[in-house]
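Worksheet for the structure shown next.
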Amino acid sequence: MLSRQKIFRIYDRIIANTRMLIKVCNTPKMKSNRLIRWKGKMDGHPKYENFRKFFDSVEDLLFVVDKQGKIKHVNNTVCNRLGYTEEELIGESVLIVHPENRRGEVEGIVNDILSGKVDYSPIPAITKFGQEIPMETRITSGEWNGESVTFGVMKDISAAETANIAKSQFLANMSHEIRTPLNGIVGFIELLSSMPLEREQARYLAEVKASSDALLLLINEILDYSKIEAGMLLIENIPFDLCNLIVMIVDDHESNRMIFREYLVETGCKIISAKDGVEGLEMLVGLDSESLPHIILVDYMMPGINGHEFGKQLLNDERFRHIKLILITSAAQKGDVRLAENIRFSGYLSKPVRKMELINVISGVAASEPRESMANPVTRHTIAEEHRKFTNSNILLVEDMVANQRLEMIMLKKLGYSVELAINGEQAVEKCNTKKYDLILMDCQMPVMDGYEATEQIKKTGILNKNTTVIAMTAYAMEGDREKCLAAGMDDYISKPVTMSVLKEKISKYLGNA
């Protein structure tokens, strides 16, 4: 698709060539020929025939309009695209080719274009039969047969809009197809990481986690670029109290450092990184006091010096005792939290770490007093403890993919909830007609009946679950998907891959303050 700048350059060339040909037609020799007048009397003249061929060969819609706004000339494209004959348009107001409810804007936009305030008009054209066609119009003033006129070039952008819609739909479909299996990969890795593992197994798992997180970040960036091009990117609200912080990332995996850097760069904080604990300590020694980081994200499993040892050495140095440490682990082991607390880590997160989760933890650690943060690090175990009081809450999970069914049911049960399964929307409606649920997790794309229709039936025609919270779960991630879910009656939205932390946050929002 051509950029607007390229389109405008084409417009300029068309207008320049048109004005050059008109100038030729306005030479004294041409003017002296009484037979050469507009329409009819110029037929057969070689220069006029060349001019006419050029005008009619242009694929865009070309107009010549006098000072009173009357059409003096159009090319064949105007007639073919709008359904008029040339005789029907000549002498009519140019407003005839614009929708009636937009005609009041035309005069002002024309004046703004001619005065250089704007570049083009976005007002659509309308056919003889009332069909609106998206158009972009550029105009310029000039002379026609000694008379001051306005030249207009209208470009049909309906094909470009159709192509954009098709491209956006393709990206949404690809997002769904990629995210669906990735949901299972990320989710089961998260569950596996909470189990006791041998050191070598944990190292392999860390590699898999880093690769899956990098893949998810890449998918999100591709979708973000497509949203920017389509003008549909929303700006996310981020806690900007991090803008004065210096954050150090100490991790031996380049992909992990890249992910955390991407997560944090939008906050405005300054970021430095080290490839392992040894390099991290060397860098800190070489920094002056004003350049020292306020917070350090420390990976646990690193060669040479692991995260615990790094924390010990750092906090034993009086010069670094004000720095707050957050331990990042890819294989949680029993006793890790107690050890991190004893070493005086201020925070504790296990991978995969999501962007807002990381930002919120850093914000909390930055805002807390040193002693308070070291005494109460946040862990996955505290999350589970906080949810135990909700064990009587009954959730209906509506999901057609077998792998996702297993994954999401395990996650929900680990969070302490009672779960029932429906394999499609129709079964979900049947269950909701016979039993009251505290919350419904609804997949959107399913066979038999999708999540949108199921939600509408539950909310509009059901009785028992008419007011039950429905949270959509979808592997689509394009702008507008959330609005589509809300329009169907869903109360909130989760984009796959789904993690336990995201489930915890969303469910606790509606079932209680966890």
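Chain labels follow the order of the structure tokens: the first chain is A, the next B, and so on; residue numbering restarts at 1 in every chain, and ligands are counted from 1 in their shown order.
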- Near Ala366 in chain A, counting only C-alpha atoms, which residues have an atom at most 8 Å away, once you skip same-chain residues fewer than 3 positions from it, shown as a ChimeraX atom specification? /A:294-295,324,362-363
- Task: Run DSSP on the backbone and grab whatever in range 54-201 of chain A lands in alpha helix (DSSP H); send it over as a count of residues only.
- Result: 66
- For Asp60 in chain A, which residue among A:Asp156, A:Glu92, A:Glu207, A:Asp251 is the nearest when counting only C-alpha atoms?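 Looking at the shortest contact to Asp60 in chain A, the residue is A:Asp156.
Nearest to Ile328 in chain A of all the residues A:Gly304, A:Gly347, A:Gly311, A:Gly142 is A:Gly347, counting only C-alpha atoms.
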- Task: May I ask for the distance between CA of Ile410 in chain A and CA of Ser350 in chain A, given in Å to one decimal place?
- Result: 17.9 Å
- Quick one: residues within 6 Å of range 119-135 of chain A, only C-alpha atoms counted, chain neighbours fewer than 3 positions away excluded, as a list of chain:residue names?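 Near range 119-135 of chain A, the qualifying residues are A:Leu82, A:Gly83, A:Val97, A:His98, A:Pro99, A:Ile113, A:Arg138, A:Lys155, A:Asp156, A:Ile157, A:Ser158.
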Using all heavy atoms, can you export the residues from the last selection as an mmCIF file, in the first residue's frame?
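Contents of the output file part_7.cif:
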```cif
data_model
loop_
_atom_site.group_PDB
_atom_site.id
_atom_site.type_symbol
_atom_site.label_atom_id
_atom_site.label_comp_id
_atom_site.auth_asym_id
_atom_site.auth_seq_id
_atom_site.Cartn_x
_atom_site.Cartn_y
_atom_site.Cartn_z
ATOM 1 N N LEU A 82 -18.532 7.074 -10.463
ATOM 2 C CA LEU A 82 -19.667 7.655 -9.754
ATOM 3 C C LEU A 82 -21.005 7.426 -10.460
ATOM 4 O O LEU A 82 -22.057 7.746 -9.900
ATOM 5 C CB LEU A 82 -19.446 9.157 -9.554
ATOM 6 C CG LEU A 82 -18.189 9.546 -8.767
ATOM 7 C CD1 LEU A 82 -18.155 11.049 -8.543
ATOM 8 C CD2 LEU A 82 -18.112 8.813 -7.431
ATOM 9 N N GLY A 83 -20.981 6.889 -11.677
ATOM 10 C CA GLY A 83 -22.231 6.516 -12.342
ATOM 11 C C GLY A 83 -22.926 7.627 -13.101
ATOM 12 O O GLY A 83 -24.068 7.449 -13.561
ATOM 13 N N VAL A 97 -21.056 15.575 -5.845
ATOM 14 C CA VAL A 97 -20.303 14.323 -5.685
ATOM 15 C C VAL A 97 -19.923 14.054 -4.234
ATOM 16 O O VAL A 97 -19.159 13.140 -3.960
ATOM 17 C CB VAL A 97 -19.033 14.326 -6.569
ATOM 18 C CG1 VAL A 97 -19.397 14.483 -8.034
ATOM 19 C CG2 VAL A 97 -18.059 15.405 -6.121
ATOM 20 N N HIS A 98 -20.470 14.846 -3.304
ATOM 21 C CA HIS A 98 -20.214 14.627 -1.875
ATOM 22 C C HIS A 98 -21.518 14.316 -1.155
ATOM 23 O O HIS A 98 -22.586 14.811 -1.560
ATOM 24 C CB HIS A 98 -19.570 15.870 -1.247
ATOM 25 C CG HIS A 98 -18.193 16.156 -1.750
ATOM 26 N ND1 HIS A 98 -17.126 15.334 -1.501
ATOM 27 C CD2 HIS A 98 -17.707 17.180 -2.516
ATOM 28 C CE1 HIS A 98 -16.037 15.835 -2.075
ATOM 29 N NE2 HIS A 98 -16.366 16.954 -2.699
ATOM 30 N N PRO A 99 -21.473 13.509 -0.073
ATOM 31 C CA PRO A 99 -22.687 13.208 0.684
ATOM 32 C C PRO A 99 -23.354 14.490 1.180
ATOM 33 O O PRO A 99 -22.676 15.435 1.587
ATOM 34 C CB PRO A 99 -22.173 12.367 1.859
ATOM 35 C CG PRO A 99 -20.891 11.784 1.382
ATOM 36 C CD PRO A 99 -20.293 12.820 0.476
ATOM 37 N N ILE A 113 -7.207 23.956 2.302
ATOM 38 C CA ILE A 113 -6.201 23.344 1.422
ATOM 39 C C ILE A 113 -5.517 24.409 0.576
ATOM 40 O O ILE A 113 -4.288 24.447 0.451
ATOM 41 C CB ILE A 113 -6.851 22.275 0.513
ATOM 42 C CG1 ILE A 113 -7.333 21.087 1.350
ATOM 43 C CG2 ILE A 113 -5.850 21.788 -0.538
ATOM 44 C CD1 ILE A 113 -8.083 20.032 0.561
ATOM 45 N N ARG A 138 -7.012 16.042 -3.134
ATOM 46 C CA ARG A 138 -6.103 17.188 -3.128
ATOM 47 C C ARG A 138 -6.559 18.165 -4.192
ATOM 48 O O ARG A 138 -7.020 17.766 -5.268
ATOM 49 C CB ARG A 138 -4.670 16.766 -3.410
ATOM 50 C CG ARG A 138 -4.017 15.988 -2.283
ATOM 51 C CD ARG A 138 -2.520 16.082 -2.369
ATOM 52 N NE ARG A 138 -2.054 17.373 -1.891
ATOM 53 C CZ ARG A 138 -0.824 17.829 -2.084
ATOM 54 N NH1 ARG A 138 0.040 17.125 -2.786
ATOM 55 N NH2 ARG A 138 -0.460 18.998 -1.601
ATOM 56 N N LYS A 155 -8.724 10.400 -4.898
ATOM 57 C CA LYS A 155 -8.192 9.038 -4.954
ATOM 58 C C LYS A 155 -9.098 8.102 -4.175
ATOM 59 O O LYS A 155 -9.379 8.327 -2.998
ATOM 60 C CB LYS A 155 -6.774 8.977 -4.389
ATOM 61 C CG LYS A 155 -6.145 7.589 -4.550
ATOM 62 C CD LYS A 155 -4.681 7.624 -4.221
ATOM 63 C CE LYS A 155 -4.029 6.275 -4.540
ATOM 64 N NZ LYS A 155 -4.067 5.975 -5.984
ATOM 65 N N ASP A 156 -9.538 7.045 -4.837
ATOM 66 C CA ASP A 156 -10.390 6.029 -4.202
ATOM 67 C C ASP A 156 -9.530 5.185 -3.274
ATOM 68 O O ASP A 156 -8.593 4.522 -3.716
ATOM 69 C CB ASP A 156 -11.010 5.153 -5.293
ATOM 70 C CG ASP A 156 -12.009 4.141 -4.741
ATOM 71 O OD1 ASP A 156 -11.998 3.909 -3.518
ATOM 72 O OD2 ASP A 156 -12.781 3.582 -5.530
ATOM 73 N N ILE A 157 -9.811 5.252 -1.975
ATOM 74 C CA ILE A 157 -9.013 4.488 -1.007
ATOM 75 C C ILE A 157 -9.776 3.297 -0.446
ATOM 76 O O ILE A 157 -9.351 2.682 0.531
ATOM 77 C CB ILE A 157 -8.540 5.391 0.153
ATOM 78 C CG1 ILE A 157 -9.738 6.011 0.890
ATOM 79 C CG2 ILE A 157 -7.601 6.466 -0.353
ATOM 80 C CD1 ILE A 157 -9.343 6.767 2.140
ATOM 81 N N SER A 158 -10.919 2.959 -1.053
ATOM 82 C CA SER A 158 -11.712 1.834 -0.541
ATOM 83 C C SER A 158 -10.953 0.520 -0.666
ATOM 84 O O SER A 158 -11.021 -0.339 0.213
ATOM 85 C CB SER A 158 -13.052 1.736 -1.272
ATOM 86 O OG SER A 158 -12.856 1.626 -2.679
#
```
- Item | Close residues, Met449 in chain A itself excluded, 7 Å, only C-alpha atoms, min 3 positions apart in chain, as a VMD selection string | chain A and resid 424 to 426 446 453 to 454
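When only C-alpha atoms are used to measure the gap to Leu62 in chain A, the shortest distance among A:Gln201, A:Asn101, A:Asn394, A:Thr140 belongs to A:Thr140.
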- Extract the full set of strand (DSSP E or B) residues from range 239-372 of chain A according to DSSP on the backbone, and format it as a ChimeraX atom specification. /A:246-250,270-274,295-299,324-329,347-350
- Task: Grab the CA of Ser495 in chain A to CA of Val247 in chain A distance for me, in Å with one decimal place.
- Result: 28.3 Å
- Query: How many Å separate CA of Leu218 in chain A from CA of Glu254 in chain A?
  - Reply: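 A separation of 14.7 Å between them.
Neighbouring residues of Met500 in chain A at 9 Å or closer, counting only C-alpha atoms and skipping chain neighbours under 2 positions away, are Gly187, Glu190, Leu191, Glu408, Met411, Leu412, Lys414, Leu415, Val498, Val502, Leu503, Lys504 and Glu505 of chain A.
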Writer output for current selection, N, CA and C atoms, as a short mmCIF file (atom, residue, chain, number, x, y, z; two decimals), in the first residue's frame:
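This is the output file result18.cif:
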```
data_model
loop_
_atom_site.label_atom_id
_atom_site.label_comp_id
_atom_site.auth_asym_id
_atom_site.auth_seq_id
_atom_site.Cartn_x
_atom_site.Cartn_y
_atom_site.Cartn_z
N GLY A 187 2.21 -22.09 29.97
CA GLY A 187 1.51 -22.49 31.19
C GLY A 187 2.11 -23.69 31.86
N GLU A 190 5.37 -22.95 33.47
CA GLU A 190 5.17 -22.27 34.75
C GLU A 190 4.84 -23.26 35.86
N LEU A 191 3.98 -24.24 35.54
CA LEU A 191 3.64 -25.25 36.55
C LEU A 191 4.86 -26.11 36.88
N GLU A 408 -5.47 -25.05 32.25
CA GLU A 408 -6.23 -24.04 33.00
C GLU A 408 -6.92 -24.63 34.22
N MET A 411 -4.19 -24.94 36.85
CA MET A 411 -3.89 -23.62 37.40
C MET A 411 -4.96 -23.17 38.40
N LEU A 412 -6.21 -23.31 38.01
CA LEU A 412 -7.31 -22.87 38.87
C LEU A 412 -7.36 -23.66 40.17
N LYS A 414 -4.78 -25.14 41.59
CA LYS A 414 -3.64 -24.74 42.41
C LYS A 414 -3.90 -23.40 43.11
N LEU A 415 -4.71 -22.56 42.48
CA LEU A 415 -5.08 -21.29 43.11
C LEU A 415 -6.18 -21.47 44.14
N VAL A 498 -2.26 -17.62 29.00
CA VAL A 498 -2.75 -17.32 30.34
C VAL A 498 -1.77 -17.85 31.37
N VAL A 502 -1.85 -13.91 36.09
CA VAL A 502 -2.93 -13.18 35.43
C VAL A 502 -4.29 -13.69 35.89
N LEU A 503 -4.44 -15.03 35.99
CA LEU A 503 -5.68 -15.60 36.49
C LEU A 503 -5.98 -15.12 37.90
N LYS A 504 -4.95 -15.13 38.73
CA LYS A 504 -5.11 -14.69 40.11
C LYS A 504 -5.60 -13.25 40.17
N GLU A 505 -4.96 -12.39 39.38
CA GLU A 505 -5.31 -10.97 39.40
C GLU A 505 -6.73 -10.73 38.93
#
```
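Proximity ranking of A:Asn465, A:Ser346, A:Gln445, A:Ser393 relative to Asn433 in chain A places A:Asn465 first, based on only C-alpha atoms.
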